[in-house]
Amino acid sequence: MEMEYAIELKNVTKSYKKKLALDRLTVAFPTGQITGLLGPNGAGKSTLLKMLVGLVHQDEGTISVFGQSPSWRNNGEIAYLPDRGRWYALQTVAEALAYAEVIFPAFDLDLARKMADSMELDPTAQIRTLSKGLEARLNLILCLARRVRLILFDEPFSGIDLVSRDKITQNIINSMFDLPKTIIICTHEIHEAESIFDHVIFIDKGQMVLADNAEQLRTEKGSIESVYRGLFQ
Amino acid sequence: MSTSRVFWALVRNDSRLGSTFRFDKARGNVSALAAYLLAFGIVFALGGLLLGFGMHISDLFAARVITILDFLITPNAFTITFLFYMPFAFTSEMLPREWKSGTVGWWLTLPYSRNLLLGAKNMAGFFRFIKLLLILFVTSEYLTILIRYLQPDVENFGLLHDLPLRVLYSCAIALLLSPFFVSMGTTGGVLSKAQMKGLPVIFPALFLAVIVGIFSSPLRAVFSSDAYLSPPWLSLLLVFGVSMGLSTLLFFFATNVLEHKVEL
Amino acid sequence: MTINEETLNLQLDLSKPLYEQILHQIRYALARKDLELGAKLPSVRELAQQLRVNPNTVMRAYQELNRDELIETRRGQGTFITTKPQKIQHIRDNLATEAINSFIDTMQELGMSRQAALSLLEEGKW
């Protein structure tokens, strides 16, 4: 199968104050697929995602996102959910969606409102008052309601209740249908998320350890979770 | 979406941040404005009460209040420094707040120029400052009127002559200088988040240099207590020019730093 | 008759390829006549959501079922089980043959002769 790669990293190195975050990392993410980016804490997953949106710049190596170098200029086509990212606490849910429509290019407000409804978010609730699970649902909507080619999720399930996780997964699956998009999910909750991965990339200490199609991995080695345990425990 | 619409949305959002503080968790947020209006209302009520009962506050008390008021409305080192500091204070915590509240990941990845992002923060800080000046103006007016009715015969009442004009003048100077301090604040915020070496020293030095520079130059005439009678227009224009010029320089510097030296 | 997750009784084991399991379990349901001829299957979207799997996985399974002519997609209406009973018969036979071969393999591994295996088969719980 001819594979097209939306994102390619070649020999990317990045250190923070003498600590090596990414070490000559060469890795590629297939277009139009959901890729799971997995690895232990400090493996460099967050750093990788941040580089794709220009929050962090590499010391060496090249990164191309849809053929271009990462920059805020290209972020109109990329939705990014930061790790432990929070929205503006004083806005209500309705205000947040309206605000998102103004500041995010290609934000589908109708879709967002429908999603908020189906996720049981009270439009008049102040974000400050939302539980972690509800806030995570809102954050998800702020990403998925954007008509973009690439969505990056950094730990979208972390510390979230089961029902919210479920809704998040469902909505990610749903979003694949109206617009073909490339999705990267960074997560520790492998068991929860692995059934939605097309492709999986394992990273440790800033280097790629293993990358393969999810179903292929299952044929060869078993569940993604067991592969993870095998690699990192 | 047009950039100007984005800009004003950002300004509006940035203005909301920090204008509220927690009064009591159970009661939820109380905006600073509401709290102020409440305090204002209490003073207003008290004043009305005293007036209604025909009571007169003691001479000495009134005289003290007047001295304080007079001190606070004349352009002197204290008031001017305060009015310099406020715009700086407003904007300098705007940037770090994005970090503190966890919204920086969203903000910094917005697909707009860093000019737009910082410009919105500056504008928001500026508006907050204007709100502050308005409050100061209205308060000083009201207190003077209150005293005029309660104890017009107090000995130093004369100090409050020309009050509206003097307050206006002080506010005007503060406004003219604010672009510089607003920009200063944002730049300070950006620098605190940037990976740069050796800059922390230069920054307060610049701050001081400007203050000293203005006070020791012929522009000092702007701050004399009689200046409001016949405003030194040329000097004022010059002060404004310096303020805007330095502000613009700082702004582009800050934008540059934000684009290249700030990482998450 | 609407078919949903329960009717299909799809239980997915994450340690084996998911598309194969979906394929196999649908075939089984068809062979066991749990699903009526001509009944409407859930769309790729619906099934993917119910199972919480990647839509491509469901799509792959459906494509193969389509190739085997066990299901057919009607434009604008959805996906339906074939109306041809011979197709179901065919699948039944295939699955049965698979089971038999698996049985034979196990018997041979255990060292049973054909005769012994056959008599055990006769005495089995039919």
# chains A, B, ... in the order shown; residues from 1 in each chain; ligands from 1
>>> closest_atom_pairs(of="chain B", to="chain A", cutoff="6 Å", atoms="only C-alpha atoms", output="CSV")
residue,atom,partner,partner_atom,distance
B:Val6,CA,A:Ile103,CA,5.5
B:Gly102,CA,A:Arg86,CA,5.1
B:Thr103,CA,A:Arg86,CA,5.3
B:Gly105,CA,A:Pro82,CA,5.6
B:Thr109,CA,A:Trp72,CA,5.7
B:Pro111,CA,A:Trp72,CA,4.9
B:Glu263,CA,A:Val56,CA,5.2
B:Leu264,CA,A:Leu55,CA,5.8
>>> select_by_dssp(residues="chain A", states="strand (DSSP E)", output="ChimeraX atom specification")
/A:5-16,19-30,34-38,60-65,78-81,150-154,182-186,199-204,207-213
>>> residues_around(residues="segment 51-68 of chain C", least_positions_apart="6", cutoff="6 Å", atoms="only C-alpha atoms", output="VMD selection string")
(chain A and resid 195 to 196) or (chain C and resid 19 23 44)
>>> write_last_selection(atoms="N, CA and C atoms", output="JSON list (two decimals), in the first residue's frame")
[["chain", "number", "residue", "atom", "x", "y", "z"],
["A", 195, "SER", "N", -8.02, 0.61, 20.30],
["A", 195, "SER", "CA", -8.90, 0.12, 19.24],
["A", 195, "SER", "C", -9.17, 1.17, 18.16],
["A", 196, "ILE", "N", -8.84, 2.43, 18.42],
["A", 196, "ILE", "CA", -9.09, 3.41, 17.36],
["A", 196, "ILE", "C", -7.85, 3.77, 16.55],
["C", 19, "TYR", "N", -10.15, -6.49, 12.65],
["C", 19, "TYR", "CA", -10.97, -6.61, 11.45],
["C", 19, "TYR", "C", -11.30, -8.07, 11.18],
["C", 23, "LEU", "N", -15.04, -9.62, 10.93],
["C", 23, "LEU", "CA", -15.37, -10.43, 9.76],
["C", 23, "LEU", "C", -15.88, -11.80, 10.16],
["C", 44, "VAL", "N", -21.06, 1.69, 8.52],
["C", 44, "VAL", "CA", -19.68, 1.66, 9.01],
["C", 44, "VAL", "C", -19.55, 2.58, 10.22]]
>>> residues_around(residues="Tyr28 of chain C", least_positions_apart="5", cutoff="10 Å", atoms="only C-alpha atoms", output="PDB file with N, CA and C atoms, in the first residue's frame")
ATOM      1  N   LEU C   8     -25.268  -8.919  16.784  1.00  0.00           N
ATOM      2  CA  LEU C   8     -24.055  -9.448  16.194  1.00  0.00           C
ATOM      3  C   LEU C   8     -23.172 -10.118  17.246  1.00  0.00           C
ATOM      4  N   ILE C  22     -14.167  -9.052  13.472  1.00  0.00           N
ATOM      5  CA  ILE C  22     -15.456  -8.521  13.013  1.00  0.00           C
ATOM      6  C   ILE C  22     -15.959  -9.369  11.850  1.00  0.00           C
ATOM      7  N   LEU C  23     -15.042  -9.622  10.929  1.00  0.00           N
ATOM      8  CA  LEU C  23     -15.373 -10.428   9.757  1.00  0.00           C
ATOM      9  C   LEU C  23     -15.884 -11.798  10.162  1.00  0.00           C
ATOM     10  N   LYS C  33     -27.712 -18.143  11.092  1.00  0.00           N
ATOM     11  CA  LYS C  33     -29.017 -17.562  10.797  1.00  0.00           C
ATOM     12  C   LYS C  33     -29.511 -16.644  11.915  1.00  0.00           C
ATOM     13  N   ASP C  34     -28.575 -16.060  12.663  1.00  0.00           N
ATOM     14  CA  ASP C  34     -28.943 -15.019  13.637  1.00  0.00           C
ATOM     15  C   ASP C  34     -29.401 -13.782  12.892  1.00  0.00           C
ATOM     16  N   LEU C  35     -28.931 -13.665  11.663  1.00  0.00           N
ATOM     17  CA  LEU C  35     -29.292 -12.502  10.866  1.00  0.00           C
ATOM     18  C   LEU C  35     -30.155 -12.961   9.694  1.00  0.00           C
ATOM     19  N   ILE C  88     -25.390 -17.832   1.923  1.00  0.00           N
ATOM     20  CA  ILE C  88     -25.337 -18.181   3.346  1.00  0.00           C
ATOM     21  C   ILE C  88     -24.923 -19.645   3.481  1.00  0.00           C
ATOM     22  N   ILE C  91     -21.271 -20.029   3.075  1.00  0.00           N
ATOM     23  CA  ILE C  91     -20.516 -19.631   4.269  1.00  0.00           C
ATOM     24  C   ILE C  91     -20.607 -20.694   5.347  1.00  0.00           C
ATOM     25  N   ARG C  92     -21.808 -21.198   5.514  1.00  0.00           N
ATOM     26  CA  ARG C  92     -22.002 -22.255   6.518  1.00  0.00           C
ATOM     27  C   ARG C  92     -21.077 -23.419   6.231  1.00  0.00           C
ATOM     28  N   LEU C  95     -17.444 -22.483   7.058  1.00  0.00           N
ATOM     29  CA  LEU C  95     -17.171 -22.459   8.497  1.00  0.00           C
ATOM     30  C   LEU C  95     -17.182 -23.864   9.069  1.00  0.00           C
TER      31      LEU C  95
END
>>> residues_around(residues="Met208 of chain A", least_positions_apart="4", cutoff="10 Å", atoms="only C-alpha atoms", output="mmCIF file with C-alpha atoms, in the first residue's frame")
data_model
loop_
_atom_site.group_PDB
_atom_site.id
_atom_site.type_symbol
_atom_site.label_atom_id
_atom_site.label_comp_id
_atom_site.auth_asym_id
_atom_site.auth_seq_id
_atom_site.Cartn_x
_atom_site.Cartn_y
_atom_site.Cartn_z
ATOM 1 C CA LEU A 22 14.617 14.186 21.163
ATOM 2 C CA ASP A 23 17.608 12.305 19.889
ATOM 3 C CA ARG A 24 18.041 12.175 16.107
ATOM 4 C CA LEU A 25 14.399 11.196 15.861
ATOM 5 C CA THR A 26 13.245 10.041 12.466
ATOM 6 C CA VAL A 27 9.580 9.208 12.247
ATOM 7 C CA LEU A 38 3.102 5.921 22.763
ATOM 8 C CA GLY A 39 5.975 5.842 25.182
ATOM 9 C CA ALA A 43 10.042 9.894 26.088
ATOM 10 C CA GLY A 44 9.619 13.067 24.090
ATOM 11 C CA ILE A 201 4.527 4.688 16.971
ATOM 12 C CA PHE A 202 6.499 3.866 20.085
ATOM 13 C CA ILE A 203 9.025 6.381 21.346
ATOM 14 C CA ASP A 204 11.506 6.212 24.171
#
>>> closest_residue(among="C:Ser15, C:Thr82, C:Gln89, C:Thr73", to="Glu36 of chain C", atoms="only C-alpha atoms")
C:Thr82
>>> select_by_dssp(residues="chain C", states="helix (DSSP H, G or I)", output="MDAnalysis selection string")
chainID C and resid 5:8 18:31 44:51 55:67 85:109 114:123
>>> residues_around(residues="Leu250 of chain B", least_positions_apart="4", cutoff="8 Å", atoms="only C-alpha atoms", output="MDAnalysis selection string")
chainID B and resid 183:184 187 246 254
